[in-house]
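protein.csv, holding CSV, C-alpha atoms:
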chain,number,residue,atom,x,y,z
A,18,MET,CA,26.1,-20.0,-13.7
A,19,GLN,CA,27.8,-17.1,-12.0
A,20,THR,CA,25.8,-15.0,-9.5
A,21,PRO,CA,25.1,-11.6,-11.1
A,22,ASP,CA,26.5,-8.4,-9.5
A,23,ASN,CA,23.3,-6.4,-9.1
A,24,GLY,CA,23.4,-5.1,-5.5
A,25,GLY,CA,22.9,-1.5,-6.7
A,26,TYR,CA,19.3,-2.2,-7.6
A,27,MET,CA,18.6,-3.7,-4.2
A,28,VAL,CA,20.1,-0.7,-2.4
A,29,ALA,CA,18.1,1.7,-4.6
A,30,ALA,CA,14.8,-0.3,-3.9
A,31,TYR,CA,15.4,-0.3,-0.1
A,32,ILE,CA,16.2,3.4,0.0
A,33,ILE,CA,13.1,4.3,-2.1
A,34,ALA,CA,10.8,2.1,0.0
A,35,ALA,CA,12.2,3.7,3.2
A,36,VAL,CA,11.8,7.3,1.8
A,37,VAL,CA,8.2,6.7,0.7
A,38,VAL,CA,7.1,5.0,4.0
A,39,LEU,CA,9.0,7.6,6.2
A,40,GLY,CA,7.8,10.5,4.0
A,41,TYR,CA,4.2,9.4,4.3
A,42,ALA,CA,4.5,8.9,8.0
A,43,ILE,CA,5.9,12.5,8.3
A,44,THR,CA,3.1,14.0,6.2
A,45,LEU,CA,0.5,12.3,8.3
A,46,LEU,CA,2.1,13.7,11.5
A,47,TYR,CA,2.4,17.2,9.9
A,48,ARG,CA,-1.2,17.3,8.7
A,49,LEU,CA,-2.5,16.1,12.1
A,50,ALA,CA,-0.5,18.7,14.0
A,51,LYS,CA,-1.5,21.4,11.6
A,52,LEU,CA,-5.2,20.6,11.8
A,53,LYS,CA,-5.1,20.4,15.6
A,54,ASN,CA,-3.5,23.8,15.8
A,55,GLN,CA,-6.2,25.5,13.7
B,12,MET,CA,-7.7,12.4,19.4
B,13,ARG,CA,-6.9,9.1,21.0
B,14,SER,CA,-7.0,7.0,17.8
B,15,ALA,CA,-4.5,9.4,16.2
B,16,ARG,CA,-2.1,8.9,19.2
B,17,ARG,CA,-2.6,5.1,19.1
B,18,GLY,CA,-2.0,5.2,15.3
B,19,THR,CA,1.2,7.2,15.8
B,20,VAL,CA,2.5,4.7,18.4
B,21,ILE,CA,1.6,1.7,16.1
B,22,THR,CA,3.3,3.5,13.2
B,23,GLY,CA,6.4,4.2,15.3
B,24,LEU,CA,6.6,0.5,16.4
B,25,ALA,CA,6.1,-0.7,12.8
B,26,LEU,CA,8.9,1.6,11.6
B,27,LEU,CA,11.2,0.1,14.2
B,28,GLY,CA,10.0,-3.3,12.9
B,29,LEU,CA,10.8,-2.2,9.3
B,30,THR,CA,14.3,-1.4,10.5
B,31,GLY,CA,14.5,-5.0,11.8
B,32,VAL,CA,13.2,-6.3,8.5
B,33,TYR,CA,15.9,-4.4,6.6
B,34,ILE,CA,18.6,-5.8,8.9
B,35,ARG,CA,17.2,-9.4,8.7
B,36,ALA,CA,16.8,-9.3,4.9
B,37,LEU,CA,20.1,-7.6,4.1
B,38,VAL,CA,22.4,-9.3,6.7
B,39,TYR,CA,20.8,-12.6,7.9
B,40,THR,CA,18.8,-13.8,4.9
B,41,PRO,CA,20.9,-15.7,2.3
B,42,MET,CA,21.3,-14.4,-1.2
B,43,GLU,CA,19.5,-16.3,-4.0
B,44,ARG,CA,22.3,-17.7,-6.3
B,45,LEU,CA,20.7,-17.1,-9.7
B,46,GLN,CA,19.1,-13.7,-9.2
B,47,GLY,CA,21.8,-12.3,-6.9
B,48,LEU,CA,21.2,-9.5,-4.4
B,49,ALA,CA,18.4,-8.0,-6.5
B,50,GLN,CA,16.2,-10.9,-5.3
B,51,LYS,CA,16.2,-9.3,-1.8
B,52,ILE,CA,13.9,-6.6,-3.2
B,53,PHE,CA,11.2,-9.2,-2.9
B,54,TYR,CA,11.1,-8.6,0.9
B,55,VAL,CA,9.8,-5.1,0.5
B,56,HIS,CA,8.1,-5.4,-2.9
B,57,ALA,CA,5.7,-8.3,-2.1
B,58,PRO,CA,4.7,-7.0,1.4
B,59,ALA,CA,4.1,-3.5,-0.1
B,60,ALA,CA,1.9,-5.1,-2.7
B,61,TRP,CA,0.0,-7.0,0.0
B,62,ALA,CA,-0.6,-3.8,2.0
B,63,ALA,CA,-1.7,-1.9,-1.1
B,64,LEU,CA,-4.2,-4.5,-2.1
B,65,LEU,CA,-5.4,-4.8,1.5
B,66,ALA,CA,-6.0,-1.1,1.6
B,67,PHE,CA,-7.8,-1.0,-1.7
B,68,ALA,CA,-10.0,-4.0,-0.7
B,69,VAL,CA,-10.9,-2.2,2.5
B,70,THR,CA,-11.8,0.9,0.5
B,71,GLY,CA,-14.0,-1.2,-1.8
B,72,LEU,CA,-15.8,-3.0,1.0
B,73,PHE,CA,-16.4,0.2,3.0
B,74,SER,CA,-17.6,2.0,-0.2
B,75,LEU,CA,-20.1,-0.8,-0.7
B,76,LEU,CA,-21.2,-0.5,2.9
B,77,TYR,CA,-21.6,3.3,2.4
B,78,LEU,CA,-23.8,2.7,-0.7
B,79,ILE,CA,-26.0,0.3,1.2
B,80,THR,CA,-26.4,2.2,4.4
B,81,ARG,CA,-25.5,5.8,3.5
B,82,ASP,CA,-23.7,6.0,6.8
B,83,ARG,CA,-21.0,8.7,6.7
B,84,LYS,CA,-18.5,6.8,8.9
B,85,PHE,CA,-18.1,4.1,6.2
B,86,ASP,CA,-17.1,6.8,3.6
B,87,LEU,CA,-14.5,8.2,6.0
B,88,VAL,CA,-12.9,4.8,6.4
B,89,ALA,CA,-13.0,4.1,2.7
B,90,SER,CA,-11.3,7.4,1.7
B,91,SER,CA,-8.7,7.0,4.4
B,92,SER,CA,-7.7,3.6,3.3
B,93,ALA,CA,-7.5,4.7,-0.4
B,94,GLU,CA,-4.8,7.2,0.4
B,95,VAL,CA,-2.8,4.7,2.4
B,96,GLY,CA,-3.1,2.3,-0.4
B,97,VAL,CA,-1.7,4.8,-2.9
B,98,ALA,CA,1.3,5.2,-0.6
B,99,PHE,CA,2.0,1.5,-0.5
B,100,SER,CA,1.4,1.2,-4.3
B,101,LEU,CA,4.1,3.7,-4.8
B,102,VAL,CA,6.5,1.4,-3.0
B,103,MET,CA,5.3,-1.6,-5.0
B,104,LEU,CA,5.5,0.3,-8.4
B,105,THR,CA,9.0,1.6,-7.8
B,106,THR,CA,10.6,-1.5,-6.3
B,107,GLY,CA,9.1,-3.8,-8.9
B,108,PRO,CA,10.9,-2.3,-11.9
B,109,LEU,CA,14.1,-2.1,-9.9
B,110,TRP,CA,13.8,-5.9,-9.4
B,111,GLY,CA,12.6,-6.5,-13.0
B,112,LYS,CA,15.5,-4.7,-14.7
B,113,PRO,CA,18.4,-7.0,-13.5
B,114,VAL,CA,16.2,-10.2,-13.5
B,115,TRP,CA,14.0,-9.8,-16.6
B,116,GLY,CA,16.3,-7.4,-18.5
B,117,THR,CA,13.6,-4.7,-18.7
B,118,TRP,CA,12.2,-2.1,-16.3
B,119,TRP,CA,8.6,-2.7,-17.4
B,120,THR,CA,6.4,-4.8,-19.6
B,121,TRP,CA,2.8,-4.3,-20.5
B,122,ASP,CA,1.5,-7.7,-19.4
B,123,ALA,CA,-1.7,-8.3,-17.4
B,124,ARG,CA,-0.2,-8.2,-13.9
B,125,LEU,CA,1.9,-5.1,-14.3
B,126,THR,CA,-0.7,-3.2,-16.3
B,127,SER,CA,-3.6,-4.0,-14.0
B,128,THR,CA,-1.5,-3.0,-11.0
B,129,LEU,CA,-0.7,0.3,-12.6
B,130,PHE,CA,-4.3,0.7,-13.5
B,131,ILE,CA,-5.5,0.2,-9.9
B,132,PHE,CA,-2.9,2.7,-8.7
B,133,LEU,CA,-4.1,5.3,-11.3
B,134,LEU,CA,-7.7,4.5,-10.4
B,135,PHE,CA,-7.1,5.4,-6.8
B,136,VAL,CA,-5.2,8.5,-7.6
B,137,GLY,CA,-8.3,9.4,-9.6
B,138,TYR,CA,-10.4,8.5,-6.6
B,139,LEU,CA,-8.5,11.0,-4.4
B,140,VAL,CA,-8.7,13.7,-7.1
B,141,LEU,CA,-12.4,13.1,-7.5
B,142,ARG,CA,-13.0,13.6,-3.8
B,143,GLY,CA,-11.2,16.9,-3.9
B,144,ALA,CA,-13.4,18.1,-6.7
B,145,PHE,CA,-16.7,18.1,-4.8
B,146,ASN,CA,-17.6,20.2,-1.7
B,147,ASP,CA,-21.0,18.5,-1.2
B,148,PHE,CA,-20.5,15.6,1.1
B,149,GLU,CA,-23.3,13.4,-0.4
B,150,ILE,CA,-22.1,13.7,-4.0
B,151,ARG,CA,-18.5,13.3,-3.1
B,152,ALA,CA,-19.2,10.1,-1.0
B,153,ARG,CA,-21.6,8.6,-3.6
B,154,PHE,CA,-19.4,9.1,-6.6
B,155,SER,CA,-16.2,8.0,-4.9
B,156,ALA,CA,-18.0,4.9,-3.4
B,157,VAL,CA,-19.1,3.8,-6.9
B,158,LEU,CA,-15.4,4.1,-8.0
B,159,GLY,CA,-14.2,2.2,-4.9
B,160,VAL,CA,-16.6,-0.7,-5.5
B,161,MET,CA,-15.6,-0.9,-9.2
B,162,ALA,CA,-12.0,-1.0,-8.1
B,163,LEU,CA,-12.7,-3.8,-5.6
B,164,VAL,CA,-13.3,-6.1,-8.6
B,165,LEU,CA,-9.8,-5.5,-9.7
B,166,VAL,CA,-8.2,-6.8,-6.5
B,167,PRO,CA,-8.9,-10.5,-6.9
B,168,PHE,CA,-8.3,-10.1,-10.7
B,169,ILE,CA,-4.8,-8.8,-10.1
B,170,HIS,CA,-4.1,-11.9,-8.0
B,171,VAL,CA,-5.2,-14.4,-10.7
B,172,THR,CA,-3.6,-12.5,-13.7
B,173,VAL,CA,-0.4,-14.6,-13.3
B,174,TYR,CA,-2.4,-17.8,-13.8
B,175,TRP,CA,-4.8,-16.6,-16.6
B,176,PHE,CA,-2.3,-14.7,-18.8
B,177,ARG,CA,1.3,-15.1,-20.0
B,178,THR,CA,3.4,-12.9,-17.9
B,179,LEU,CA,7.0,-12.3,-16.8
B,180,HIS,CA,5.8,-11.8,-13.2
B,181,PRO,CA,6.3,-14.9,-11.0
B,182,GLU,CA,3.4,-16.7,-9.5
B,183,PRO,CA,2.5,-16.2,-5.8
B,184,VAL,CA,4.8,-18.0,-3.3
B,185,LEU,CA,2.3,-17.8,-0.4
B,186,LEU,CA,-1.4,-17.2,-1.5
B,187,LYS,CA,-1.7,-20.4,-3.5
B,188,PRO,CA,-3.2,-23.9,-3.1
B,189,ASP,CA,0.2,-25.6,-2.7
B,190,ARG,CA,2.8,-25.1,0.1
B,191,PRO,CA,4.9,-21.9,0.1
B,192,SER,CA,7.7,-22.3,-2.5
B,193,LEU,CA,10.5,-20.7,-0.5
B,194,PRO,CA,13.3,-22.0,1.8
B,195,GLY,CA,12.5,-21.6,5.5
B,196,VAL,CA,14.8,-18.6,6.2
B,197,MET,CA,13.5,-16.6,3.2
B,198,LEU,CA,9.9,-17.5,4.1
B,199,THR,CA,10.4,-16.3,7.7
B,200,THR,CA,11.8,-13.0,6.5
B,201,LEU,CA,8.9,-12.6,4.1
B,202,LEU,CA,6.3,-13.4,6.8
B,203,ILE,CA,7.9,-10.9,9.2
B,204,SER,CA,7.9,-8.2,6.5
B,205,ILE,CA,4.3,-8.9,5.7
B,206,GLY,CA,3.5,-8.6,9.4
B,207,VAL,CA,5.4,-5.3,9.6
B,208,PHE,CA,3.7,-3.8,6.5
B,209,THR,CA,0.3,-4.9,7.9
B,210,ALA,CA,1.1,-3.1,11.2
B,211,LEU,CA,2.2,0.0,9.1
B,212,TYR,CA,-1.1,-0.2,7.3
B,213,VAL,CA,-3.0,-0.2,10.6
B,214,GLY,CA,-1.0,2.6,12.1
B,215,PHE,CA,-1.3,4.8,8.9
B,216,MET,CA,-4.9,4.0,8.7
B,217,MET,CA,-5.7,5.1,12.3
B,218,GLN,CA,-3.8,8.3,11.8
B,219,ARG,CA,-5.3,9.0,8.4
B,220,HIS,CA,-8.8,8.2,9.7
B,221,ALA,CA,-8.3,10.6,12.6
B,222,LEU,CA,-7.3,13.3,10.1
B,223,THR,CA,-10.4,12.6,8.0
B,224,VAL,CA,-12.7,12.8,11.0
B,225,LEU,CA,-11.1,16.1,12.3
B,226,ARG,CA,-11.4,17.6,8.8
B,227,ASP,CA,-15.0,16.5,8.6
B,228,ILE,CA,-15.8,18.1,12.0
B,229,ARG,CA,-14.1,21.3,10.9
B,230,ASP,CA,-15.9,21.4,7.6
B,231,GLU,CA,-19.3,20.9,9.4
B,232,GLU,CA,-18.4,23.8,11.8
B,233,THR,CA,-17.5,26.0,8.8
B,234,VAL,CA,-20.9,25.2,7.1
B,235,ASP,CA,-22.7,25.9,10.4
B,236,ALA,CA,-20.9,29.2,10.8
B,237,ASN,CA,-21.7,30.3,7.2
B,238,ALA,CA,-25.4,29.3,7.6

Just give me the structure as structure tokens.
Amino acid sequence: MQTPDNGGYMVAAYIIAAVVVLGYAITLLYRLAKLKNQ
Amino acid sequence: MRSARRGTVITGLALLGLTGVYIRALVYTPMERLQGLAQKIFYVHAPAAWAALLAFAVTGLFSLLYLITRDRKFDLVASSSAEVGVAFSLVMLTTGPLWGKPVWGTWWTWDARLTSTLFIFLLFVGYLVLRGAFNDFEIRARFSAVLGVMALVLVPFIHVTVYWFRTLHPEPVLLKPDRPSLPGVMLTTLLISIGVFTALYVGFMMQRHALTVLRDIRDEETVDANA
């Protein structure tokens, strides 16, 4: 059986995971900084 | 706050670790022959699922402790963990369909594993919305703790769904009575990724908890000033 060509799904999944994790890390830093400045 | 700074350092190190996981998974871990490159989604999907269920279990346990003791600090831990769990669930619920489409031929199927996972995600989104709906601390903590404890029951249920029901979702490769069903290189990558996602959970949790405590102090000061 031939190996399927589906690398696009893998790339999309890795990008989405990185965006969600980095995005959440940034929102935590932003909210902490905002609260400390109040 | 010291715990916020420590949390930021742990998160930073874990993000570096995540970069390492990406490099190891994409470059140094062999491709599975039948599933192709899409199988490598496993190295982010499964650890994200682990971190999400860990976060929800912590929420449930600390909710239970709050209901028993009525100690405010347990509620603050429970609510912090719930939000972190929702973030990891988002990774799990987006990477899952991206793996399912090329391997199963469908983005989604309403079987027990996928449906219960979506259900727990929506339950915790509801938990966060519920907390925002009440100004009174006691009511907010009590209502959300009851929801947190109810959701705790779902965590082991989600794990056993693949054994109890017919599903497209594969059975666990690690948390099972037999030996891990993965070749050594793949297993090592998976274990490293689980370690990194656990560190991310700890880092996020410390930051989110510091945020919750700071907000709690500010809210108390506002109440005192208005009294």

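Taking only C-alpha atoms into account, Leu125 in chain B lies nearest to B:Leu104 out of the set B:Val95, B:Leu104, B:Met12, B:Ala49.
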
Counting all atoms listed in the file, which residues in chain B sit no more than 7 Å from chain A? For each one, give the nearest pair of atoms and the distance in Å, sorted by chain then residue number, as a tab-separated table.
residue	atom	partner	partner_atom	distance
B:Arg44	CA	A:Thr20	CA	5.5
B:Leu45	CA	A:Thr20	CA	5.5
B:Gln46	CA	A:Pro21	CA	6.6
B:Gly47	CA	A:Pro21	CA	5.4
B:Leu48	CA	A:Gly24	CA	5.0
B:Ala49	CA	A:Met27	CA	4.9
B:Lys51	CA	A:Met27	CA	6.5
B:Ile52	CA	A:Met27	CA	5.6
B:Val102	CA	A:Ala34	CA	5.3
B:Thr106	CA	A:Ala30	CA	5.0
B:Leu109	CA	A:Tyr26	CA	5.7
B:Trp110	CA	A:Tyr26	CA	6.9
B:Pro113	CA	A:Asn23	CA	6.6
B:Gln218	CA	A:Leu45	CA	6.8
B:Arg219	CA	A:Leu45	CA	6.7
B:Leu222	CA	A:Leu49	CA	5.9

Between range 82-117 of chain B and range 181-204 of chain B, at 12 Å or less, what are the per-residue closest atom pairs and their distances in Å? Count all atoms listed in the file, order by chain and rising residue number, and return it as a tab-separated table.
residue	atom	partner	partner_atom	distance
B:Gly107	CA	B:Pro181	CA	11.6
B:Trp110	CA	B:Pro181	CA	11.8
B:Gly111	CA	B:Pro181	CA	10.7
B:Val114	CA	B:Pro181	CA	11.2
B:Trp115	CA	B:Pro181	CA	10.8

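With CA of Ser91 in chain B on one side and CA of Leu64 in chain B on the other, the separation reads 14.0 Å.
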
Item to check | Selection: 7 Å around Ile169 in chain B, only C-alpha atoms, excl. self and same-chain fewer than 4 positions, as JSON, numbers by chain | outcome: {"B": [124, 127, 128, 165]}

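Restricting the calculation to all atoms listed in the file, the smallest distance between Ser100 in chain B and any of B:Thr30, B:Thr117, B:Ala60, B:Ile79 is found for B:Ala60.
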
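Take CA of Ala123 in chain B and CA of Met103 in chain B: the distance between them is 15.7 Å.
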
Could you check which residues have any atom within 10 Å of (-1.9, -8.8, -13.0), counting all atoms listed in the file with coordinates taken straight from the file, and then list them as a CSV table (one decimal) with C-alpha atoms, in the frame of the given file?
chain,number,residue,atom,x,y,z
B,121,TRP,CA,2.8,-4.3,-20.5
B,122,ASP,CA,1.5,-7.7,-19.4
B,123,ALA,CA,-1.7,-8.3,-17.4
B,124,ARG,CA,-0.2,-8.2,-13.9
B,125,LEU,CA,1.9,-5.1,-14.3
B,126,THR,CA,-0.7,-3.2,-16.3
B,127,SER,CA,-3.6,-4.0,-14.0
B,128,THR,CA,-1.5,-3.0,-11.0
B,129,LEU,CA,-0.7,0.3,-12.6
B,130,PHE,CA,-4.3,0.7,-13.5
B,165,LEU,CA,-9.8,-5.5,-9.7
B,166,VAL,CA,-8.2,-6.8,-6.5
B,167,PRO,CA,-8.9,-10.5,-6.9
B,168,PHE,CA,-8.3,-10.1,-10.7
B,169,ILE,CA,-4.8,-8.8,-10.1
B,170,HIS,CA,-4.1,-11.9,-8.0
B,171,VAL,CA,-5.2,-14.4,-10.7
B,172,THR,CA,-3.6,-12.5,-13.7
B,173,VAL,CA,-0.4,-14.6,-13.3
B,174,TYR,CA,-2.4,-17.8,-13.8
B,175,TRP,CA,-4.8,-16.6,-16.6
B,176,PHE,CA,-2.3,-14.7,-18.8
B,177,ARG,CA,1.3,-15.1,-20.0
B,178,THR,CA,3.4,-12.9,-17.9
B,180,HIS,CA,5.8,-11.8,-13.2

Item to check | Between CA of Phe135 in chain B and CA of Val97 in chain B, distance in Å (one decimal) | outcome: 6.7 Å

Using the incomplete input, complete range 190-205 of chain B to the level of N, CA and C atoms; output as an mmCIF file, in the coordinates of the input.
data_model
loop_
_atom_site.group_PDB
_atom_site.id
_atom_site.type_symbol
_atom_site.label_atom_id
_atom_site.label_comp_id
_atom_site.auth_asym_id
_atom_site.auth_seq_id
_atom_site.Cartn_x
_atom_site.Cartn_y
_atom_site.Cartn_z
ATOM 1 N N ARG B 190 1.957 -25.665 -0.970
ATOM 2 C CA ARG B 190 2.800 -25.100 0.100
ATOM 3 C C ARG B 190 3.610 -23.965 -0.370
ATOM 4 N N PRO B 191 4.028 -23.054 0.543
ATOM 5 C CA PRO B 191 4.900 -21.900 0.100
ATOM 6 C C PRO B 191 6.162 -22.432 -0.551
ATOM 7 N N SER B 192 6.506 -21.825 -1.707
ATOM 8 C CA SER B 192 7.700 -22.300 -2.500
ATOM 9 C C SER B 192 8.897 -21.425 -2.160
ATOM 10 N N LEU B 193 9.288 -21.416 -0.890
ATOM 11 C CA LEU B 193 10.500 -20.700 -0.500
ATOM 12 C C LEU B 193 11.200 -21.438 0.619
ATOM 13 N N PRO B 194 12.539 -21.376 0.645
ATOM 14 C CA PRO B 194 13.300 -22.000 1.800
ATOM 15 C C PRO B 194 12.850 -21.326 3.094
ATOM 16 N N GLY B 195 12.969 -22.045 4.206
ATOM 17 C CA GLY B 195 12.500 -21.600 5.500
ATOM 18 C C GLY B 195 12.956 -20.190 5.929
ATOM 19 N N VAL B 196 14.256 -19.910 5.772
ATOM 20 C CA VAL B 196 14.800 -18.600 6.200
ATOM 21 C C VAL B 196 14.172 -17.469 5.432
ATOM 22 N N MET B 197 14.078 -17.676 4.114
ATOM 23 C CA MET B 197 13.500 -16.600 3.200
ATOM 24 C C MET B 197 12.020 -16.441 3.555
ATOM 25 N N LEU B 198 11.332 -17.549 3.784
ATOM 26 C CA LEU B 198 9.900 -17.500 4.100
ATOM 27 C C LEU B 198 9.664 -16.733 5.400
ATOM 28 N N THR B 199 10.507 -16.991 6.406
ATOM 29 C CA THR B 199 10.400 -16.300 7.700
ATOM 30 C C THR B 199 10.553 -14.796 7.512
ATOM 31 N N THR B 200 11.575 -14.404 6.750
ATOM 32 C CA THR B 200 11.800 -13.000 6.500
ATOM 33 C C THR B 200 10.600 -12.354 5.798
ATOM 34 N N LEU B 201 10.073 -13.087 4.813
ATOM 35 C CA LEU B 201 8.900 -12.600 4.100
ATOM 36 C C LEU B 201 7.707 -12.405 5.016
ATOM 37 N N LEU B 202 7.463 -13.408 5.859
ATOM 38 C CA LEU B 202 6.300 -13.400 6.800
ATOM 39 C C LEU B 202 6.453 -12.224 7.778
ATOM 40 N N ILE B 203 7.678 -12.034 8.292
ATOM 41 C CA ILE B 203 7.900 -10.900 9.200
ATOM 42 C C ILE B 203 7.623 -9.598 8.533
ATOM 43 N N SER B 204 8.124 -9.474 7.301
ATOM 44 C CA SER B 204 7.900 -8.200 6.500
ATOM 45 C C SER B 204 6.442 -7.983 6.266
ATOM 46 N N ILE B 205 5.711 -9.038 5.931
ATOM 47 C CA ILE B 205 4.300 -8.900 5.700
ATOM 48 C C ILE B 205 3.582 -8.411 6.985
#
